[in-house]
Structures are given as structure tokens and as C-alpha cells.
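So this block is run_9.tsv, TSV, C-alpha atoms and all ligand atoms:
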chain	number	residue	atom	x	y	z
A	1	MET	CA	10.73	0.50	11.32
A	2	ALA	CA	11.56	-0.44	7.72
A	3	ALA	CA	13.91	1.85	5.74
A	4	SER	CA	10.92	2.81	3.61
A	5	GLY	CA	9.51	4.65	6.62
A	6	ALA	CA	6.19	2.86	6.07
A	7	THR	CA	4.63	2.15	9.45
A	8	SER	CA	1.32	1.19	10.94
A	9	LEU	CA	1.00	4.90	11.79
A	10	ASP	CA	0.43	5.75	8.09
A	11	HIS	CA	-3.31	6.11	8.58
A	12	GLN	CA	-3.12	8.03	11.86
A	13	ASP	CA	-4.33	11.53	11.11
A	14	PHE	CA	-2.32	13.50	13.73
A	15	GLY	CA	-5.37	15.79	13.99
A	16	LEU	CA	-5.21	16.66	10.27
A	17	ALA	CA	-8.36	14.88	9.01
A	18	GLY	CA	-10.65	17.25	7.13
A	19	LYS	CA	-7.98	19.94	6.70
A	20	SER	CA	-7.03	21.29	3.26
A	21	ALA	CA	-3.49	21.52	1.87
A	22	PHE	CA	-1.81	23.07	-1.18
A	23	VAL	CA	1.23	21.01	-2.30
A	24	THR	CA	3.66	22.08	-5.04
A	25	GLY	CA	5.94	19.75	-6.97
A	26	ALA	CA	3.27	17.13	-6.34
A	27	GLY	CA	4.17	15.13	-9.45
A	28	GLY	CA	7.71	14.43	-8.22
A	29	GLY	CA	9.12	11.78	-5.92
A	30	ILE	CA	8.91	13.57	-2.57
A	31	GLY	CA	5.81	15.60	-3.49
A	32	ARG	CA	3.91	12.43	-4.40
A	33	ALA	CA	4.95	10.73	-1.14
A	34	ILE	CA	3.76	13.80	0.80
A	35	ALA	CA	0.46	13.89	-1.10
A	36	LEU	CA	-0.20	10.20	-0.40
A	37	SER	CA	0.74	10.51	3.26
A	38	LEU	CA	-1.57	13.49	3.74
A	39	ALA	CA	-4.37	11.81	1.79
A	40	LYS	CA	-4.16	8.79	4.11
A	41	ALA	CA	-4.48	11.22	7.03
A	42	GLY	CA	-7.72	12.58	5.53
A	43	VAL	CA	-6.29	15.85	4.21
A	44	LYS	CA	-8.05	17.32	1.14
A	45	LEU	CA	-5.42	18.22	-1.43
A	46	ALA	CA	-4.80	20.88	-4.06
A	47	LEU	CA	-1.85	19.63	-6.10
A	48	PHE	CA	0.36	21.87	-8.28
A	49	ASP	CA	3.20	20.97	-10.68
A	50	LEU	CA	4.70	21.86	-14.05
A	51	VAL	CA	4.18	18.41	-15.54
A	52	ALA	CA	0.54	17.43	-16.15
A	53	ALA	CA	1.05	13.68	-16.61
A	54	ASN	CA	2.97	13.29	-13.32
A	55	LEU	CA	0.44	15.44	-11.48
A	56	ASP	CA	-2.45	13.35	-12.82
A	57	GLU	CA	-0.68	10.16	-11.72
A	58	THR	CA	-0.32	11.54	-8.17
A	59	ALA	CA	-3.99	12.50	-8.12
A	60	ARG	CA	-4.91	9.00	-9.32
A	61	GLN	CA	-2.87	7.44	-6.52
A	62	VAL	CA	-4.45	9.82	-3.98
A	63	ARG	CA	-7.92	8.72	-5.08
A	64	ASP	CA	-6.81	5.06	-4.89
A	65	VAL	CA	-6.13	5.51	-1.17
A	66	GLY	CA	-9.52	7.18	-0.70
A	67	GLY	CA	-8.28	10.76	-0.85
A	68	GLU	CA	-9.50	13.89	-2.62
A	69	ALA	CA	-7.36	16.07	-4.91
A	70	THR	CA	-7.67	18.94	-7.34
A	71	VAL	CA	-4.84	19.48	-9.83
A	72	THR	CA	-3.38	22.65	-11.32
A	73	VAL	CA	-0.61	22.63	-13.92
A	74	GLY	CA	1.59	25.66	-13.42
A	75	ASP	CA	5.01	27.12	-12.75
A	76	VAL	CA	5.99	28.37	-9.28
A	77	THR	CA	8.09	31.11	-10.90
A	78	ASP	CA	4.83	32.58	-12.27
A	79	ARG	CA	3.57	34.64	-9.32
A	80	ALA	CA	0.11	35.21	-10.81
A	81	ALA	CA	-0.37	31.51	-11.55
A	82	VAL	CA	0.61	30.59	-7.98
A	83	ARG	CA	-1.74	33.19	-6.50
A	84	ALA	CA	-4.61	31.96	-8.68
A	85	ALA	CA	-3.98	28.30	-7.75
A	86	VAL	CA	-3.76	29.02	-4.01
A	87	ALA	CA	-6.94	31.12	-4.16
A	88	ALA	CA	-8.74	28.39	-6.11
A	89	ALA	CA	-7.69	25.78	-3.52
A	90	ALA	CA	-9.04	27.90	-0.67
A	91	LYS	CA	-12.28	28.53	-2.56
A	92	HIS	CA	-12.74	24.85	-3.43
A	93	TYR	CA	-12.23	23.59	0.13
A	94	GLY	CA	-13.65	26.62	1.98
A	95	ARG	CA	-10.27	27.67	3.42
A	96	LEU	CA	-6.57	26.85	3.25
A	97	ASP	CA	-5.26	25.15	6.40
A	98	CYS	CA	-1.88	23.79	5.28
A	99	ALA	CA	0.71	24.18	2.55
A	100	VAL	CA	3.83	22.31	1.46
A	101	ASN	CA	6.19	24.34	-0.74
A	102	ASN	CA	8.10	21.47	-2.30
A	103	ALA	CA	8.74	22.21	-6.01
A	104	GLY	CA	12.43	22.47	-6.72
A	105	VAL	CA	15.24	21.77	-9.16
A	106	LEU	CA	18.80	20.57	-8.60
A	107	GLY	CA	20.62	22.14	-11.54
A	108	PRO	CA	23.95	20.89	-12.89
A	109	LEU	CA	26.90	19.86	-10.72
A	110	VAL	CA	29.82	22.06	-11.84
A	111	PRO	CA	32.36	24.21	-9.98
A	112	THR	CA	31.22	27.71	-9.08
A	113	ALA	CA	33.42	29.59	-11.58
A	114	GLN	CA	32.10	27.55	-14.50
A	115	TYR	CA	28.44	27.47	-13.38
A	116	PRO	CA	26.32	28.77	-16.30
A	117	ILE	CA	24.90	32.04	-15.04
A	118	GLU	CA	21.48	31.68	-16.67
A	119	THR	CA	21.10	28.26	-15.06
A	120	PHE	CA	22.19	29.65	-11.68
A	121	GLN	CA	19.46	32.28	-11.98
A	122	LYS	CA	16.90	29.62	-12.98
A	123	VAL	CA	17.66	27.54	-9.88
A	124	ILE	CA	17.22	30.64	-7.70
A	125	ASP	CA	14.00	31.55	-9.51
A	126	VAL	CA	12.42	28.14	-8.90
A	127	ASN	CA	13.83	27.23	-5.49
A	128	VAL	CA	13.76	30.67	-3.84
A	129	MET	CA	11.30	32.91	-5.70
A	130	GLY	CA	8.94	29.96	-6.18
A	131	VAL	CA	8.77	29.51	-2.40
A	132	VAL	CA	8.37	33.28	-1.89
A	133	HIS	CA	5.44	33.35	-4.35
A	134	CYS	CA	3.77	30.42	-2.58
A	135	LEU	CA	4.38	31.77	0.93
A	136	GLN	CA	2.97	35.20	0.11
A	137	ALA	CA	-0.22	33.78	-1.40
A	138	GLU	CA	-0.68	31.23	1.41
A	139	LEU	CA	0.02	33.70	4.22
A	140	GLU	CA	-2.44	36.25	2.86
A	141	LEU	CA	-5.25	33.70	3.09
A	142	MET	CA	-4.14	32.17	6.38
A	143	GLU	CA	-3.80	35.57	8.04
A	144	ALA	CA	-7.42	36.29	7.15
A	145	HIS	CA	-8.57	33.43	9.39
A	146	GLY	CA	-5.69	33.55	11.88
A	147	ALA	CA	-4.50	29.96	11.50
A	148	GLY	CA	-2.35	27.78	9.29
A	149	SER	CA	0.66	25.54	9.05
A	150	ILE	CA	3.25	25.66	6.26
A	151	VAL	CA	6.24	23.41	5.54
A	152	ASN	CA	8.93	24.44	3.08
A	153	ILE	CA	11.04	21.66	1.60
A	154	ALA	CA	14.59	22.92	2.05
A	155	SER	CA	17.51	20.44	2.07
A	156	ALA	CA	20.56	19.33	4.00
A	157	ALA	CA	22.17	21.52	1.32
A	158	GLY	CA	20.51	24.42	3.18
A	159	LEU	CA	22.61	23.58	6.25
A	160	ILE	CA	26.02	22.61	4.83
A	161	GLY	CA	28.01	23.05	1.59
A	162	TRP	CA	28.09	20.60	-1.33
A	163	ALA	CA	30.95	20.97	-3.83
A	164	GLY	CA	29.61	21.44	-7.36
A	165	ALA	CA	26.11	22.50	-6.35
A	166	SER	CA	26.60	26.22	-5.70
A	167	ALA	CA	23.23	27.36	-7.06
A	168	TYR	CA	21.30	24.61	-5.27
A	169	VAL	CA	23.15	25.17	-1.98
A	170	THR	CA	22.65	28.93	-2.24
A	171	SER	CA	18.94	28.47	-2.95
A	172	LYS	CA	18.36	26.05	-0.08
A	173	HIS	CA	20.26	28.24	2.42
A	174	ALA	CA	17.86	30.99	1.32
A	175	VAL	CA	14.86	28.75	2.02
A	176	VAL	CA	16.26	28.01	5.48
A	177	GLY	CA	16.69	31.74	6.17
A	178	LEU	CA	13.25	32.56	4.79
A	179	THR	CA	11.70	29.85	6.99
A	180	LYS	CA	13.40	31.27	10.10
A	181	THR	CA	12.29	34.82	9.29
A	182	ALA	CA	8.71	34.12	8.23
A	183	GLY	CA	8.50	31.58	11.06
A	184	VAL	CA	9.16	34.23	13.72
A	185	GLU	CA	7.04	36.86	11.94
A	186	TYR	CA	3.91	34.70	12.03
A	187	ALA	CA	4.51	32.66	15.22
A	188	ALA	CA	2.24	34.89	17.31
A	189	LYS	CA	-0.43	35.03	14.62
A	190	GLY	CA	-1.39	31.35	14.78
A	191	ILE	CA	0.52	30.47	11.62
A	192	ARG	CA	3.47	28.09	11.93
A	193	ILE	CA	6.12	27.98	9.21
A	194	ASN	CA	8.83	25.31	9.37
A	195	SER	CA	11.01	23.39	6.94
A	196	VAL	CA	12.48	19.95	6.50
A	197	CYS	CA	16.08	19.55	5.35
A	198	PRO	CA	16.50	16.09	3.83
A	199	ALA	CA	19.84	14.71	2.71
A	200	PHE	CA	19.73	12.45	-0.37
A	201	VAL	CA	16.36	10.80	-0.87
A	202	THR	CA	15.25	8.30	-3.52
A	203	SER	CA	13.47	10.30	-6.26
A	204	PRO	CA	13.83	11.22	-9.94
A	205	MET	CA	16.05	14.13	-8.79
A	206	THR	CA	18.72	11.77	-7.44
A	207	SER	CA	18.31	8.80	-9.82
A	208	ASP	CA	21.33	9.71	-12.00
A	209	LEU	CA	23.56	10.30	-8.96
A	210	MET	CA	22.58	6.97	-7.44
A	211	ALA	CA	22.87	5.08	-10.74
A	212	ALA	CA	26.59	5.83	-11.23
A	213	GLU	CA	28.81	3.79	-8.91
A	214	ALA	CA	31.31	6.56	-8.08
A	215	SER	CA	28.71	9.17	-7.11
A	216	ARG	CA	26.57	6.57	-5.30
A	217	ASN	CA	29.55	5.49	-3.19
A	218	ALA	CA	30.40	9.12	-2.39
A	219	VAL	CA	26.81	9.82	-1.32
A	220	LEU	CA	26.56	6.72	0.86
A	221	ALA	CA	29.97	7.32	2.48
A	222	ALA	CA	28.71	10.69	3.74
A	223	VAL	CA	25.72	9.23	5.61
A	224	PRO	CA	26.31	7.57	9.01
A	225	MET	CA	23.24	5.38	8.41
A	226	GLY	CA	24.86	4.16	5.18
A	227	ARG	CA	21.77	4.65	3.07
A	228	ILE	CA	19.73	7.40	1.47
A	229	GLY	CA	16.26	8.34	2.66
A	230	THR	CA	12.82	7.72	1.24
A	231	GLY	CA	10.02	10.06	0.27
A	232	GLU	CA	7.88	8.40	2.94
A	233	GLU	CA	10.40	9.36	5.62
A	234	VAL	CA	10.22	12.99	4.46
A	235	ALA	CA	6.42	12.79	4.33
A	236	ASN	CA	6.24	11.49	7.91
A	237	ALA	CA	8.12	14.57	9.15
A	238	VAL	CA	6.03	16.91	7.00
A	239	LYS	CA	2.84	15.40	8.41
A	240	TRP	CA	4.11	15.97	11.95
A	241	LEU	CA	5.19	19.56	11.22
A	242	LEU	CA	1.83	20.38	9.60
A	243	SER	CA	-0.06	18.85	12.51
A	244	PRO	CA	-0.92	20.16	15.98
A	245	LEU	CA	1.57	17.60	17.38
A	246	SER	CA	4.36	20.08	16.50
A	247	SER	CA	2.50	23.02	18.08
A	248	PHE	CA	5.62	24.53	19.73
A	249	SER	CA	7.73	24.57	16.53
A	250	ALA	CA	8.10	27.76	14.47
A	251	GLY	CA	10.92	28.67	12.11
A	252	LEU	CA	12.42	25.22	12.62
A	253	ASN	CA	14.61	23.70	9.89
A	254	LEU	CA	14.49	19.99	10.68
A	255	ALA	CA	17.34	17.82	9.35
A	256	LEU	CA	16.29	14.42	7.96
A	257	ASP	CA	19.67	13.10	7.00
A	258	GLY	CA	20.68	9.78	8.55
A	259	GLY	CA	23.14	11.78	10.67
A	260	SER	CA	25.04	13.30	7.75
A	261	THR	CA	24.95	16.96	8.81
A	262	VAL	CA	26.08	16.10	12.35
A	263	ILE	CA	29.59	14.93	11.34
B	301	LIG	N1	15.63	14.02	-3.67
B	301	LIG	C1	16.47	14.50	-2.78
B	301	LIG	O1	17.51	13.88	-2.48
B	301	LIG	C2	16.17	15.79	-2.08
B	301	LIG	C3	16.90	16.09	-0.91
B	301	LIG	C4	16.64	17.28	-0.24
B	301	LIG	C5	15.68	18.14	-0.71
B	301	LIG	N2	14.98	17.84	-1.85
B	301	LIG	C6	13.99	18.79	-2.30
B	301	LIG	O2	12.73	18.14	-2.30
B	301	LIG	C7	11.89	18.78	-3.28
B	301	LIG	C8	11.29	17.71	-4.17
B	301	LIG	O3	12.34	17.06	-4.85
B	301	LIG	P1	12.22	15.58	-5.48
B	301	LIG	O4	13.39	14.83	-4.98
B	301	LIG	O5	10.87	15.06	-5.25
B	301	LIG	O6	12.51	15.93	-6.99
B	301	LIG	P2	11.63	15.61	-8.29
B	301	LIG	O7	12.43	16.12	-9.43
B	301	LIG	O8	11.17	14.20	-8.27
B	301	LIG	O9	10.34	16.51	-8.07
B	301	LIG	C9	10.34	17.92	-8.19
B	301	LIG	C10	8.98	18.31	-8.72
B	301	LIG	O10	8.93	19.74	-8.80
B	301	LIG	C11	8.35	20.07	-10.04
B	301	LIG	N3	8.83	21.40	-10.47
B	301	LIG	C12	10.09	21.74	-10.83
B	301	LIG	N4	10.12	23.02	-11.20
B	301	LIG	C13	8.86	23.50	-11.05
B	301	LIG	C14	8.28	24.76	-11.30
B	301	LIG	N5	8.99	25.79	-11.77
B	301	LIG	N6	6.96	24.92	-11.04
B	301	LIG	C15	6.22	23.87	-10.58
B	301	LIG	N7	6.72	22.65	-10.35
B	301	LIG	C16	8.03	22.46	-10.59
B	301	LIG	C17	8.81	19.01	-11.03
B	301	LIG	O11	7.96	18.94	-12.16
B	301	LIG	C18	8.75	17.77	-10.15
B	301	LIG	O12	7.48	17.13	-10.22
B	301	LIG	C19	12.77	19.78	-4.01
B	301	LIG	O13	12.58	21.07	-3.47
B	301	LIG	C20	14.18	19.28	-3.71
B	301	LIG	O14	15.14	20.31	-3.80
B	301	LIG	C21	15.21	16.68	-2.54
Let me see the file written as C-alpha cells.
Amino acid sequence: MAASGATSLDHQDFGLAGKSAFVTGAGGGIGRAIALSLAKAGVKLALFDLVAANLDETARQVRDVGGEATVTVGDVTDRAAVRAAVAAAAKHYGRLDCAVNNAGVLGPLVPTAQYPIETFQKVIDVNVMGVVHCLQAELELMEAHGAGSIVNIASAAGLIGWAGASAYVTSKHAVVGLTKTAGVEYAAKGIRINSVCPAFVTSPMTSDLMAAEASRNAVLAAVPMGRIGTGEEVANAVKWLLSPLSSFSAGLNLALDGGSTVI
């Protein structure tokens, strides 16, 4: 398989064709890759992001591959906006089958003692409370019809520490804990909640880190595969976790990291 993760399996639907999915952060690097992967599998999409232009570009690319997408511009920290968007998605497609809670921010890289407290709070608001808002709205609808599959986008930074990124690491450990807890709460109710935990992946979030030679070398040295991942590789795992092929997984936090959290 190529490092891009693109394979001849891209158009295999894994039993997802005709399902509906709400995807946040859909204008970003990983969110767009997830949207395109699901669209190729025949999933009908409701895309959500802060940035209208990026969201529209994802929707355009989804339609280019024959997919269907609605778009909502909004902020995951706004609980009412999230609830309205999730309800609108379910109304538009008849019900909500799947969700990918992907919107997130990195925040600055500074030692813990100097970390600006307002920025720390902002990272927690987006990465933790944003996922809580999405989960609550999605679960309410899924519980009503006793089925659903949700994937939270956590991070390898939810499994191990990363010097300089205290707010991000704290937030992603919270997403991992939330996924475990909600995963066991809903496992017997026909709703599966899992997460993926990628290490560094090519996207606008990591472009500065990968552009500077010193930080790029530090990142690559920490990965046994000697490279960073792609959005397509994350999307492949998300597609599997959303699908019936992962039917015995609940509360799982799946590392996608080229081996970096093993050493
Ligand atoms: N890129 C990586 O190396 C990497 C690794 C592990 C985990 N992740 C996680 O993957 C997810 C996607 O990251 P990405 O790499 O695609 O980054 P990105 O910056 O390309 O995309 C993030 C998207 O989320 C949106 N967003 C941010 N705050 C929002 C808010 N308050 N409300 C709604 N939308 C908001 C942004 O507009 C953007 O489109 C994030 O949760 C990130 O933490 C990324």
C-alpha cells in the first residue's frame, strides 16, 4: 500500500452505503479526507465547520466523487448550534446513523507554567466540550432508534505526553477517557463509540511543524516508520470503526501512529 493510504478498497462501502453521517471539522485536512472517504462509500454527509470557504470546498469535492453533503457553518463550543445542526442532519436524511467528532485545535507549544490560561481554556472548550456537545446531541437521536456508530478523533497525544503541548495533551486524554466511558455506557444499547488516536498527520494543523527542519526532524525521529501519516490513513480507520466490520469494538481508542506510542 502507498504511504498515502489510497487503495483499491477506497470505493468498498464496508456496509455503510446509504447511511447518514455528521462530521465536524470537515473543512480541515483530516475532516476533508474522512468526508471524501465516506462519500466514496456511499454515506450521505452533514458537514460542520467554523470556516465557510473550507467547508464549501469539502462539499464540492464530495459532490465531485458522486457524494451528497449538506453544510452548516458553526462552532462546536456553541451547544445550541451543535444541537440544531445535528437535528437538521437527522431531519434531512431521515435519521442519524454515524458521527465523526473531529473538530479540534492544537494551541501554542509552550511550557506548562507559561501557557496562557485563556488559551488553555479555549483548547479545552473546543477539543473537550466541543466533543461533549456533539456526543450529547448525537446520542439523544441515536438512542431514539437504538442504533448508531460514533468516532471521536482523539490523538496519540491522548495516550502519551508531548512536551510543550499541555493543553492539547490534556484535552486529548479527556477525549480518550470520554470515549471509554460513553463507549461502555452505550455498548448494550446498539450504539458504538470509539476513537482514533493518530500521531502526526499531514494537514494544515501540522504544516508549520513540518516546515521547520528542527521540528520536522524531531517529529520523524519519534516515529518507527520514519514518516508522518496521511488523512486518508485516518479516514480508512474511521470508515472501519463506523462500519459493521468493527462490530465488537466499543470504547476503543485506536492508535494510528507508525509505531510511535509503542516505544
Ligand atoms: N494533524 C495531526 O497531526 C493530528 C494528529 C492527531 C489528531 N489530530 C486531530 O484531528 C482533528 C482534525 O485535525 P486536522 O489535522 O485536520 O486539523 P485542521 O486544522 O486541518 O482541521 C481542523 C478543523 O476543525 C475546525 N474547527 C476548529 N475549531 C472549531 C470549532 N470551534 N468549531 C467548529 N470547527 C472548528 C477548523 O476550522 C478546521 O477546519 C483534530 O481534532 C486534531 O486534534 C490531528
Please check which protein, DNA or RNA residues sit within 8 Å of ligand LIG 301 (chain B), counting all atoms listed in the file, and write them as a tab-separated table (two decimals) with C-alpha atoms, in the coordinates of the input.
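Once everything was written out, this is part-v2.tsv:
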chain	number	residue	atom	x	y	z
A	24	THR	CA	3.66	22.08	-5.04
A	25	GLY	CA	5.94	19.75	-6.97
A	26	ALA	CA	3.27	17.13	-6.34
A	27	GLY	CA	4.17	15.13	-9.45
A	28	GLY	CA	7.71	14.43	-8.22
A	29	GLY	CA	9.12	11.78	-5.92
A	30	ILE	CA	8.91	13.57	-2.57
A	31	GLY	CA	5.81	15.60	-3.49
A	32	ARG	CA	3.91	12.43	-4.40
A	48	PHE	CA	0.36	21.87	-8.28
A	49	ASP	CA	3.20	20.97	-10.68
A	50	LEU	CA	4.70	21.86	-14.05
A	51	VAL	CA	4.18	18.41	-15.54
A	54	ASN	CA	2.97	13.29	-13.32
A	55	LEU	CA	0.44	15.44	-11.48
A	73	VAL	CA	-0.61	22.63	-13.92
A	74	GLY	CA	1.59	25.66	-13.42
A	75	ASP	CA	5.01	27.12	-12.75
A	76	VAL	CA	5.99	28.37	-9.28
A	77	THR	CA	8.09	31.11	-10.90
A	78	ASP	CA	4.83	32.58	-12.27
A	101	ASN	CA	6.19	24.34	-0.74
A	102	ASN	CA	8.10	21.47	-2.30
A	103	ALA	CA	8.74	22.21	-6.01
A	104	GLY	CA	12.43	22.47	-6.72
A	105	VAL	CA	15.24	21.77	-9.16
A	106	LEU	CA	18.80	20.57	-8.60
A	125	ASP	CA	14.00	31.55	-9.51
A	126	VAL	CA	12.42	28.14	-8.90
A	127	ASN	CA	13.83	27.23	-5.49
A	130	GLY	CA	8.94	29.96	-6.18
A	153	ILE	CA	11.04	21.66	1.60
A	154	ALA	CA	14.59	22.92	2.05
A	155	SER	CA	17.51	20.44	2.07
A	156	ALA	CA	20.56	19.33	4.00
A	157	ALA	CA	22.17	21.52	1.32
A	168	TYR	CA	21.30	24.61	-5.27
A	172	LYS	CA	18.36	26.05	-0.08
A	197	CYS	CA	16.08	19.55	5.35
A	198	PRO	CA	16.50	16.09	3.83
A	199	ALA	CA	19.84	14.71	2.71
A	200	PHE	CA	19.73	12.45	-0.37
A	201	VAL	CA	16.36	10.80	-0.87
A	202	THR	CA	15.25	8.30	-3.52
A	203	SER	CA	13.47	10.30	-6.26
A	204	PRO	CA	13.83	11.22	-9.94
A	205	MET	CA	16.05	14.13	-8.79
A	206	THR	CA	18.72	11.77	-7.44
A	228	ILE	CA	19.73	7.40	1.47
A	229	GLY	CA	16.26	8.34	2.66
A	231	GLY	CA	10.02	10.06	0.27
Rank A:Gly66, A:Pro116, A:Gly259, A:Pro108 by their smallest atom-to-atom distance to Asp208 of chain A, using all atoms listed in the file, and report the top residue only.
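Answer, going by the shortest atom-to-atom distance: A:Pro108.
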Considering only C-alpha atoms, can you say which of A:Glu213, A:Glu140, A:Glu57, A:Glu185 comes closest to Ala33 of chain A?
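Checking each of A:Glu213, A:Glu140, A:Glu57, A:Glu185 against Ala33 of chain A, counting only C-alpha atoms, the winner is A:Glu57.
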Non-local contacts of His173 of chain A (8 Å; only C-alpha atoms; under 3 positions in same chain excluded) as a short mmCIF file (atom, residue, chain, number, x, y, z; two decimals) with C-alpha atoms, in the coordinates of the input:
data_model
loop_
_atom_site.label_atom_id
_atom_site.label_comp_id
_atom_site.auth_asym_id
_atom_site.auth_seq_id
_atom_site.Cartn_x
_atom_site.Cartn_y
_atom_site.Cartn_z
CA ALA A 154 14.59 22.92 2.05
CA ALA A 157 22.17 21.52 1.32
CA GLY A 158 20.51 24.42 3.18
CA LEU A 159 22.61 23.58 6.25
CA VAL A 169 23.15 25.17 -1.98
CA THR A 170 22.65 28.93 -2.24
CA VAL A 176 16.26 28.01 5.48
CA GLY A 177 16.69 31.74 6.17
#
Take the point (26.8, 29.3, -9.1) in the file's coordinates, draw a sphere of radius 7 Å around it, and report as a list in words every protein, DNA or RNA residue with an atom inside or on it, counting only C-alpha atoms.
Thr112, Tyr115, Ile117, Phe120, Ser166 and Ala167 of chain A
What's around segment 192-196 of chain A at 6 Å? Count all atoms listed in the file, leave out sequence neighbours fewer than 3 positions away in its own chain, and write the answer as JSON, numbers by chain.
{"A": [149, 150, 151, 152, 153, 154, 179, 183, 187, 250, 251, 252, 253, 254]}
Rounded to one decimal in Å, what is the spacing between atom CA of Gly164 of chain A and atom CA of Leu109 of chain A?
4.6 Å
